[in-house]
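start.csv (CSV, C-alpha atoms)
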chain,number,residue,atom,x,y,z
X,1,MET,CA,89.2,111.1,82.9
X,2,LEU,CA,88.3,107.4,82.6
X,3,TYR,CA,92.0,106.6,82.1
X,4,LEU,CA,92.8,108.6,85.3
X,5,LEU,CA,90.2,106.7,87.3
X,6,GLU,CA,91.6,103.4,86.0
X,7,GLN,CA,95.1,104.4,87.0
X,8,CYS,CA,93.9,105.4,90.4
X,9,LEU,CA,92.4,101.9,90.9
X,10,ASN,CA,95.8,100.5,89.7
X,11,GLY,CA,97.5,102.7,92.3
X,12,ILE,CA,95.1,101.4,95.1
X,13,GLN,CA,95.9,97.9,94.0
X,14,LEU,CA,99.6,98.5,94.2
X,15,GLY,CA,99.1,100.2,97.6
X,16,MET,CA,97.3,97.2,98.9
X,17,LEU,CA,100.3,94.9,98.0
X,18,LEU,CA,102.6,97.4,99.7
X,19,PHE,CA,100.4,97.4,102.8
X,20,LEU,CA,100.6,93.6,103.1
X,21,LEU,CA,104.4,93.8,102.9
X,22,ALA,CA,104.7,96.9,105.1
X,23,ALA,CA,102.2,95.7,107.8
X,24,GLY,CA,104.4,92.7,108.6
X,25,LEU,CA,107.5,94.8,108.4
X,26,THR,CA,106.2,97.5,110.8
X,27,LEU,CA,104.9,94.8,113.2
X,28,ILE,CA,108.3,93.2,113.4
X,29,PHE,CA,110.1,96.5,113.8
X,30,GLY,CA,107.6,98.0,116.2
X,31,ILE,CA,107.5,95.0,118.5
X,32,MET,CA,110.9,93.5,118.2
X,33,ASP,CA,112.9,96.6,117.3
X,34,LEU,CA,114.4,94.5,114.4
X,35,VAL,CA,115.4,95.9,111.0
X,36,ASN,CA,114.6,93.0,108.7
X,37,LEU,CA,116.1,93.2,105.2
X,38,ALA,CA,115.1,89.6,104.7
X,39,HIS,CA,111.4,90.5,104.6
X,40,GLY,CA,111.5,90.7,100.8
X,41,SER,CA,112.8,87.1,100.7
X,42,LEU,CA,109.6,86.0,102.5
X,43,TYR,CA,107.7,87.8,99.8
X,44,MET,CA,109.6,85.9,97.2
X,45,LEU,CA,109.2,82.6,99.0
X,46,GLY,CA,105.4,83.1,99.2
X,47,ALA,CA,105.3,83.5,95.4
X,48,TYR,CA,107.5,80.4,94.8
X,49,PHE,CA,105.4,78.3,97.3
X,50,ALA,CA,102.2,79.4,95.6
X,51,ALA,CA,103.5,78.6,92.1
X,52,THR,CA,104.7,75.2,93.3
X,53,PHE,CA,101.5,74.2,95.0
X,54,ALA,CA,99.5,75.4,92.0
X,55,ALA,CA,101.4,73.0,89.8
X,56,LEU,CA,100.8,70.2,92.3
X,57,THR,CA,97.1,70.8,93.1
X,58,ASP,CA,95.9,72.6,89.9
X,59,SER,CA,94.0,74.9,92.1
X,60,PHE,CA,94.8,78.6,92.7
X,61,LEU,CA,92.9,78.8,96.0
X,62,ALA,CA,94.6,75.7,97.3
X,63,ALA,CA,97.9,77.1,96.3
X,64,VAL,CA,97.3,80.3,98.2
X,65,GLY,CA,96.1,78.5,101.3
X,66,LEU,CA,99.0,76.0,101.3
X,67,GLY,CA,101.5,78.8,100.4
X,68,LEU,CA,100.3,80.9,103.4
X,69,LEU,CA,100.8,78.0,105.7
X,70,ALA,CA,104.2,77.2,104.3
X,71,THR,CA,105.4,80.8,104.6
X,72,LEU,CA,104.1,81.1,108.1
X,73,VAL,CA,106.0,77.9,109.1
X,74,ALA,CA,109.1,79.1,107.3
X,75,GLY,CA,109.0,82.5,109.1
X,76,MET,CA,108.7,80.9,112.5
X,77,VAL,CA,111.5,78.5,111.8
X,78,LEU,CA,113.6,81.4,110.5
X,79,GLU,CA,112.9,83.4,113.7
X,80,VAL,CA,114.0,80.6,115.9
X,81,ILE,CA,117.2,79.7,114.0
X,82,ALA,CA,118.5,82.9,112.6
X,83,ILE,CA,116.6,86.0,113.9
X,84,ARG,CA,116.5,85.2,117.7
X,85,PRO,CA,120.3,85.6,118.2
X,86,LEU,CA,120.0,89.2,116.8
X,87,TYR,CA,117.7,90.4,119.5
X,88,GLY,CA,119.4,92.9,121.9
X,89,ARG,CA,122.0,93.8,119.3
X,90,ASP,CA,122.2,97.2,117.5
X,91,HIS,CA,120.6,97.9,114.2
X,92,LEU,CA,123.8,97.6,112.3
X,93,ASP,CA,124.0,93.9,113.3
X,94,HIS,CA,120.4,93.5,112.3
X,95,VAL,CA,121.1,95.0,108.8
X,96,LEU,CA,124.2,92.8,108.3
X,97,GLY,CA,122.6,89.7,109.6
X,98,THR,CA,119.3,90.0,107.6
X,99,PHE,CA,121.2,91.1,104.5
X,100,GLY,CA,123.1,87.8,104.8
X,101,LEU,CA,119.8,86.0,105.0
X,102,LEU,CA,118.6,87.8,101.9
X,103,LEU,CA,121.6,86.5,100.0
X,104,PHE,CA,121.1,83.0,101.5
X,105,PHE,CA,117.5,82.8,100.4
X,106,ASN,CA,118.3,84.0,96.9
X,107,GLU,CA,120.8,81.1,96.5
X,108,LEU,CA,118.5,78.6,98.2
X,109,VAL,CA,115.8,79.4,95.8
X,110,ARG,CA,118.2,79.1,92.9
X,111,LEU,CA,119.3,75.7,94.2
X,112,ILE,CA,115.7,74.4,94.8
X,113,TRP,CA,113.7,75.9,91.9
X,114,GLY,CA,116.5,76.8,89.5
X,115,PRO,CA,117.5,80.2,88.0
X,116,ALA,CA,114.7,80.3,85.3
X,117,GLY,CA,111.8,81.3,87.6
X,118,LEU,CA,108.2,80.2,87.6
X,119,THR,CA,104.8,81.4,86.5
X,120,LEU,CA,101.5,81.3,88.4
X,121,SER,CA,98.4,81.1,86.2
X,122,LEU,CA,95.0,82.4,87.2
X,123,PRO,CA,91.8,80.4,86.9
X,124,PRO,CA,89.8,81.3,83.8
X,125,GLU,CA,87.0,82.9,85.8
X,126,MET,CA,89.4,85.6,87.1
X,127,LEU,CA,90.6,86.5,83.6
X,128,THR,CA,87.6,88.8,83.0
X,129,ALA,CA,86.8,92.4,83.6
X,130,VAL,CA,83.9,93.8,85.6
X,131,GLN,CA,82.2,97.2,85.4
X,132,VAL,CA,83.1,99.1,88.6
X,133,LEU,CA,81.9,102.5,87.3
X,134,PRO,CA,79.9,103.6,84.3
X,135,GLY,CA,82.2,103.1,81.3
X,136,ILE,CA,85.1,101.7,83.5
X,137,TYR,CA,85.8,98.0,83.3
X,138,TYR,CA,88.5,96.7,85.6
X,139,PRO,CA,90.3,93.3,85.7
X,140,LEU,CA,88.5,91.1,88.1
X,141,TYR,CA,91.8,89.7,89.6
X,142,ARG,CA,93.1,93.2,90.5
X,143,LEU,CA,89.7,93.9,92.2
X,144,VAL,CA,90.1,90.6,94.1
X,145,ILE,CA,93.5,91.8,95.3
X,146,ILE,CA,92.0,95.1,96.6
X,147,LEU,CA,89.1,93.3,98.4
X,148,ALA,CA,91.2,90.5,99.8
X,149,THR,CA,93.7,93.0,101.2
X,150,LEU,CA,90.9,95.0,102.8
X,151,ALA,CA,89.7,91.9,104.5
X,152,VAL,CA,93.2,91.1,105.7
X,153,ALA,CA,93.6,94.6,107.0
X,154,LEU,CA,90.3,94.3,109.0
X,155,LEU,CA,91.3,90.9,110.4
X,156,LEU,CA,94.7,92.3,111.4
X,157,TYR,CA,93.1,95.2,113.1
X,158,ALA,CA,90.7,92.9,115.0
X,159,LEU,CA,93.6,90.6,115.9
X,160,VAL,CA,95.8,93.4,117.3
X,161,MET,CA,93.1,95.5,119.0
X,162,ARG,CA,90.3,93.1,120.0
X,163,THR,CA,91.9,89.8,121.0
X,164,ARG,CA,94.0,88.5,123.9
X,165,ILE,CA,96.9,87.8,121.6
X,166,GLY,CA,96.7,91.3,120.3
X,167,MET,CA,96.8,92.6,123.9
X,168,LEU,CA,99.9,90.6,124.5
X,169,ILE,CA,101.5,91.9,121.3
X,170,ARG,CA,100.7,95.5,122.3
X,171,ALA,CA,102.1,94.8,125.8
X,172,GLY,CA,105.3,93.4,124.4
X,173,ALA,CA,105.7,96.4,122.1
X,174,SER,CA,105.2,98.8,125.0
X,175,ASN,CA,107.4,97.2,127.6
X,176,ARG,CA,108.7,93.7,126.9
X,177,GLU,CA,110.5,93.4,130.2
X,178,MET,CA,107.4,94.1,132.2
X,179,ALA,CA,105.3,91.8,130.0
X,180,GLY,CA,107.9,89.1,130.6
X,181,ALA,CA,107.9,89.7,134.3
X,182,LEU,CA,104.1,89.2,134.3
X,183,GLY,CA,104.4,85.8,132.8
X,184,VAL,CA,104.1,86.5,129.0
X,185,ASN,CA,106.3,84.1,127.0
X,186,ILE,CA,108.2,86.7,125.1
X,187,LYS,CA,110.1,84.2,122.9
X,188,LEU,CA,106.9,82.5,121.8
X,189,LEU,CA,105.2,85.9,121.2
X,190,TYR,CA,108.1,87.0,119.0
X,191,THR,CA,108.0,83.8,117.0
X,192,LEU,CA,104.3,84.1,116.4
X,193,VAL,CA,104.6,87.8,115.4
X,194,PHE,CA,107.5,87.0,113.0
X,195,GLY,CA,105.5,84.2,111.5
X,196,LEU,CA,102.5,86.5,111.1
X,197,GLY,CA,104.7,89.1,109.4
X,198,ALA,CA,106.1,86.4,107.1
X,199,ALA,CA,102.7,85.2,106.2
X,200,LEU,CA,101.6,88.8,105.3
X,201,ALA,CA,104.7,89.2,103.1
X,202,GLY,CA,104.2,85.8,101.5
X,203,PHE,CA,100.5,86.6,100.8
X,204,ALA,CA,101.7,89.8,99.0
X,205,GLY,CA,104.0,87.7,96.9
X,206,MET,CA,101.3,85.3,96.0
X,207,MET,CA,98.9,88.1,94.9
X,208,GLN,CA,101.6,89.7,92.8
X,209,ALA,CA,102.9,86.5,91.2
X,210,PRO,CA,100.1,86.2,88.5
X,211,LEU,CA,100.7,89.8,87.5
X,212,SER,CA,104.4,89.4,86.9
X,213,PHE,CA,107.0,86.7,86.9
X,214,VAL,CA,108.2,84.6,89.9
X,215,GLN,CA,111.9,85.1,90.0
X,216,ILE,CA,114.9,85.3,92.3
X,217,GLY,CA,115.2,88.7,94.0
X,218,MET,CA,111.7,89.8,93.2
X,219,GLY,CA,111.1,91.1,96.7
X,220,GLU,CA,114.1,93.4,96.8
X,221,ASN,CA,112.8,96.5,94.9
X,222,ILE,CA,109.3,96.4,96.5
X,223,LEU,CA,111.0,96.1,99.9
X,224,ILE,CA,112.5,99.5,99.5
X,225,LEU,CA,109.0,100.9,98.9
X,226,ALA,CA,107.7,99.1,102.0
X,227,PHE,CA,110.4,100.8,104.1
X,228,VAL,CA,109.3,104.1,102.6
X,229,VAL,CA,105.7,103.3,103.5
X,230,ILE,CA,106.4,102.6,107.2
X,231,ILE,CA,108.5,105.7,107.5
X,232,ILE,CA,105.7,107.9,106.1
X,233,GLY,CA,103.0,106.1,108.0
X,234,GLY,CA,104.9,105.8,111.3
X,235,ILE,CA,107.0,102.9,112.5
X,236,GLY,CA,104.8,100.3,114.3
X,237,SER,CA,101.5,101.8,113.2
X,238,ILE,CA,99.2,99.5,111.2
X,239,ARG,CA,96.9,102.4,110.3
X,240,GLY,CA,99.8,104.5,109.2
X,241,ALA,CA,101.1,101.7,107.0
X,242,PHE,CA,97.6,101.4,105.3
X,243,VAL,CA,97.3,105.1,104.6
X,244,ALA,CA,100.8,105.6,103.5
X,245,ALA,CA,100.7,102.5,101.2
X,246,ILE,CA,97.7,103.9,99.4
X,247,MET,CA,99.4,107.2,99.0
X,248,VAL,CA,102.6,105.7,97.7
X,249,GLY,CA,100.8,103.4,95.4
X,250,ILE,CA,98.7,106.1,93.8
X,251,ILE,CA,101.6,108.5,93.5
X,252,ASP,CA,103.8,105.9,91.8
X,253,THR,CA,101.2,104.7,89.4
X,254,ILE,CA,99.8,108.1,88.4
X,255,GLY,CA,103.4,109.4,88.0
X,256,ARG,CA,104.4,106.5,85.7
X,257,ALA,CA,101.2,106.8,83.7
X,258,PHE,CA,101.2,110.5,83.0
X,259,LEU,CA,104.7,112.0,83.6
X,260,PRO,CA,106.4,110.3,80.5
X,261,ASP,CA,103.8,112.0,78.2
X,262,LEU,CA,104.2,115.3,80.0
X,263,MET,CA,108.0,115.1,79.8
X,264,ARG,CA,107.9,114.5,76.0
X,265,HIS,CA,106.5,118.0,75.5
X,266,PHE,CA,109.9,119.3,76.8
X,267,VAL,CA,112.5,116.7,75.8
X,268,SER,CA,112.9,114.0,73.2
X,269,TYR,CA,110.6,110.9,73.2
X,270,SER,CA,113.3,108.5,74.6
X,271,ALA,CA,114.4,111.0,77.3
X,272,GLY,CA,110.8,111.6,78.3
X,273,SER,CA,110.2,107.8,78.5
X,274,SER,CA,113.1,107.3,80.9
X,275,ALA,CA,112.7,110.6,82.9
X,276,GLY,CA,109.0,110.0,83.7
X,277,PRO,CA,109.4,106.9,85.9
X,278,ALA,CA,112.5,108.5,87.5
X,279,LEU,CA,110.4,111.6,88.4
X,280,SER,CA,107.7,109.3,89.7
X,281,SER,CA,110.1,107.7,92.1
X,282,MET,CA,111.4,111.1,93.1
X,283,LEU,CA,107.9,112.2,94.1
X,284,ILE,CA,107.7,109.3,96.5
X,285,TYR,CA,111.0,110.1,98.2
X,286,THR,CA,110.1,113.8,98.2
X,287,LEU,CA,106.9,112.9,100.1
X,288,MET,CA,109.0,110.9,102.6
X,289,ALA,CA,111.4,113.8,103.1
X,290,ALA,CA,108.5,116.2,103.7
X,291,VAL,CA,107.0,113.9,106.3
X,292,LEU,CA,110.3,113.5,108.0
X,293,VAL,CA,110.7,117.3,108.2
X,294,PHE,CA,107.2,118.1,109.5
X,295,ARG,CA,106.2,114.9,111.3
X,296,PRO,CA,109.4,113.0,112.1
X,297,GLU,CA,107.4,110.2,113.8
X,298,GLY,CA,105.3,109.6,110.7
X,299,LEU,CA,101.7,110.5,109.9
X,300,PHE,CA,100.3,108.1,112.5
X,301,PRO,CA,102.8,107.4,115.3
X,302,ALA,CA,102.5,104.1,117.0
X,303,ALA,CA,101.2,105.7,120.2
X,304,GLN,CA,98.1,106.9,118.3
X,305,ARG,CA,97.1,103.3,117.0

Spit out the file's structure as structure tokens when you get a sec.
Amino acid sequence: MLYLLEQCLNGIQLGMLLFLLAAGLTLIFGIMDLVNLAHGSLYMLGAYFAATFAALTDSFLAAVGLGLLATLVAGMVLEVIAIRPLYGRDHLDHVLGTFGLLLFFNELVRLIWGPAGLTLSLPPEMLTAVQVLPGIYYPLYRLVIILATLAVALLLYALVMRTRIGMLIRAGASNREMAGALGVNIKLLYTLVFGLGAALAGFAGMMQAPLSFVQIGMGENILILAFVVIIIGGIGSIRGAFVAAIMVGIIDTIGRAFLPDLMRHFVSYSAGSSAGPALSSMLIYTLMAAVLVFRPEGLFPAAQR
């Protein structure tokens, strides 16, 4: 039972990272109607920026702050130079254009940082465990990820629903032509929204970097899960992205933790070890298929935000 609760916490932590990535992705798609396959590259850039600034400043918090700023600026520059010409084109052009950007960023990172990858170390005070429930000790850093993402989610909700900028974002998402006719600078709005989405993706990469390895292409696999999240939650819905990310994170983590042992009762040890993670992934896509059948617009369509 304690192991199950620990794995549920791990699932929530994974779901929080997925939410950061999916929130930016669903904002960009919901407002700009842009399919952005290069979003995972911004996740990767955030991790590389944080690792670089950590080496320069010897401070994890400074690295995260500077990395967020760098990813925000990189996203805004990317929108002006490469994304803006794609507006008004069909989704196939978006896919082809942003897939080219994904390849470009992989090679750019290889050119700047080299092929070996980087590591991002945590400060010693975060390398401890805290008691979250009687008998359950959980790594402090994973708990920090959960709490930091909850804070980001609340700030994002307040920004979109309670500020003038959020009002303009919602107006641009509902009817960009009318918003432009009323004096809203749509180009600037799109640049700011894309930069915000890039910063969210970069923050997810920075949070994940100490738990894994900063390497080329690290954002590609998790980007697939982020697309699954926004399909389940509802395209353009921040609330839907949050709920769906938690669901996907828990299903994936619980499946990978328990299905291999379950499968070994029916097949060989090696077959069970490989079939368990595969079945865990299948459960996620089965959930997505079920949502598409019964609620094609997602659990929380954008109109219900």

Residues of segment 184-221 of chain X that have any atom at most 9 Å from an atom of segment 125-146 of chain X: could you tabulate them with the shortest-distance atom pair and the distance in Å to one decimal, using all atoms listed in the file, ordered by chain and increasing number, as a tab-separated table?
residue	atom	partner	partner_atom	distance
X:Met207	CA	X:Ile145	CA	6.6
X:Gln208	CA	X:Ile145	CA	8.7
X:Leu211	CA	X:Arg142	CA	8.8

- Message: Quick one: residues within 9 Å of Leu262 of chain X, only C-alpha atoms, excluding same-chain residues fewer than 3 positions away - as a ChimeraX atom specification?
- Response: /X:258-259,265-266,272,276

- Message: Between X:Ser270, X:Thr253, X:Gln215, X:Gln13, which residue has the minimum interatomic distance to Gly46 of chain X, considering all atoms listed in the file?
- Response: X:Gln215

- Can you work out which one of X:Leu17, X:Val229, X:Met282, X:Val267 has the shortest atom-to-atom distance to Gly255 of chain X, counting all atoms listed in the file? X:Met282

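Residues within 12 Å of Leu292 of chain X, counting only C-alpha atoms and excluding same-chain residues fewer than 2 positions away, are Val228, Ile230, Ile231, Ile232, Gly233, Gly234, Ile235, Tyr285, Thr286, Leu287, Met288, Ala289, Ala290, Phe294, Arg295, Pro296, Glu297, Gly298 and Leu299 of chain X.
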
- Task: Enter the distance from atom CA of Gly100 of chain X to atom CA of Asn36 of chain X, in Å, rounded to one decimal.
- Result: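 That distance, rounded to one decimal, is 10.7 Å.
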
- Task: One decimal, Å: what's the distance from atom CA of Gly197 of chain X over to atom CA of Phe300 of chain X, could you say?
- Result: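 Taking atom CA of Gly197 of chain X and atom CA of Phe300 of chain X, their separation equals 19.7 Å.
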
- Using only C-alpha atoms, determine which residues lie at most 9 Å from segment 57-65 of chain X, disregarding the query and same-chain residues fewer than 2 positions distant; provide the list as a list in words. Gly46, Phe49, Ala50, Ala51, Thr52, Phe53, Ala54, Ala55, Gly67, Leu68, Leu69, Ala70, Leu120, Ser121, Leu122, Pro123, Phe203, Met206 and Met207 of chain X

- Query: For Phe194 of chain X, which residue among X:Ala179, X:Leu66, X:Val77, X:Val160 is the nearest when counting all atoms listed in the file?
  - Reply: X:Val77

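The closest residue to Tyr190 of chain X, picked from X:Tyr269, X:Tyr87, X:Phe242, X:Phe227 and counting only C-alpha atoms, is X:Tyr87.
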
- Check the smallest atom-to-atom distance from each of X:Phe213, X:Phe19, X:Tyr43, X:Trp113 to Gly240 of chain X using only C-alpha atoms, then report the winner.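 Using only C-alpha atoms, the shortest distance to Gly240 of chain X belongs to X:Phe19.
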
- What gap, in Å, lies between atom CA of Thr26 of chain X and atom CA of Gly195 of chain X? 13.3 Å

- Have a look at X:Leu154, X:Leu147, X:Val248, X:Leu56 and name the one nearest to Ile222 of chain X; count all atoms listed in the file. X:Val248

- Message: Which residues are close to Leu4 of chain X, i.e. within 10 Å by only C-alpha atoms, leaving aside same-chain residues fewer than 6 positions away? Reply as a PyMOL selection string.
- Response: chain X and resi 10+254+257-258

- Compile the contact shell of Phe105 of chain X as a list in words: residues with an atom at most 12 Å away, counting all atoms listed in the file, same-chain residues fewer than 5 positions apart removed.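 The residues satisfying every condition are Leu37, Ala38, His39, Gly40, Ser41, Leu42, Tyr43, Met44, Leu45, Tyr48, Ala74, Leu78, Thr98, Phe99, Gly100, Arg110, Leu111, Ile112, Trp113, Ile216, Gly217, Met218, Gly219 and Glu220 of chain X.
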
Those same residues - C-alpha atoms - I'd like them written as an mmCIF file, in the coordinates of the input.
data_model
loop_
_atom_site.group_PDB
_atom_site.id
_atom_site.type_symbol
_atom_site.label_atom_id
_atom_site.label_comp_id
_atom_site.auth_asym_id
_atom_site.auth_seq_id
_atom_site.Cartn_x
_atom_site.Cartn_y
_atom_site.Cartn_z
ATOM 1 C CA LEU X 37 116.100 93.200 105.200
ATOM 2 C CA ALA X 38 115.100 89.600 104.700
ATOM 3 C CA HIS X 39 111.400 90.500 104.600
ATOM 4 C CA GLY X 40 111.500 90.700 100.800
ATOM 5 C CA SER X 41 112.800 87.100 100.700
ATOM 6 C CA LEU X 42 109.600 86.000 102.500
ATOM 7 C CA TYR X 43 107.700 87.800 99.800
ATOM 8 C CA MET X 44 109.600 85.900 97.200
ATOM 9 C CA LEU X 45 109.200 82.600 99.000
ATOM 10 C CA TYR X 48 107.500 80.400 94.800
ATOM 11 C CA ALA X 74 109.100 79.100 107.300
ATOM 12 C CA LEU X 78 113.600 81.400 110.500
ATOM 13 C CA THR X 98 119.300 90.000 107.600
ATOM 14 C CA PHE X 99 121.200 91.100 104.500
ATOM 15 C CA GLY X 100 123.100 87.800 104.800
ATOM 16 C CA ARG X 110 118.200 79.100 92.900
ATOM 17 C CA LEU X 111 119.300 75.700 94.200
ATOM 18 C CA ILE X 112 115.700 74.400 94.800
ATOM 19 C CA TRP X 113 113.700 75.900 91.900
ATOM 20 C CA ILE X 216 114.900 85.300 92.300
ATOM 21 C CA GLY X 217 115.200 88.700 94.000
ATOM 22 C CA MET X 218 111.700 89.800 93.200
ATOM 23 C CA GLY X 219 111.100 91.100 96.700
ATOM 24 C CA GLU X 220 114.100 93.400 96.800
#
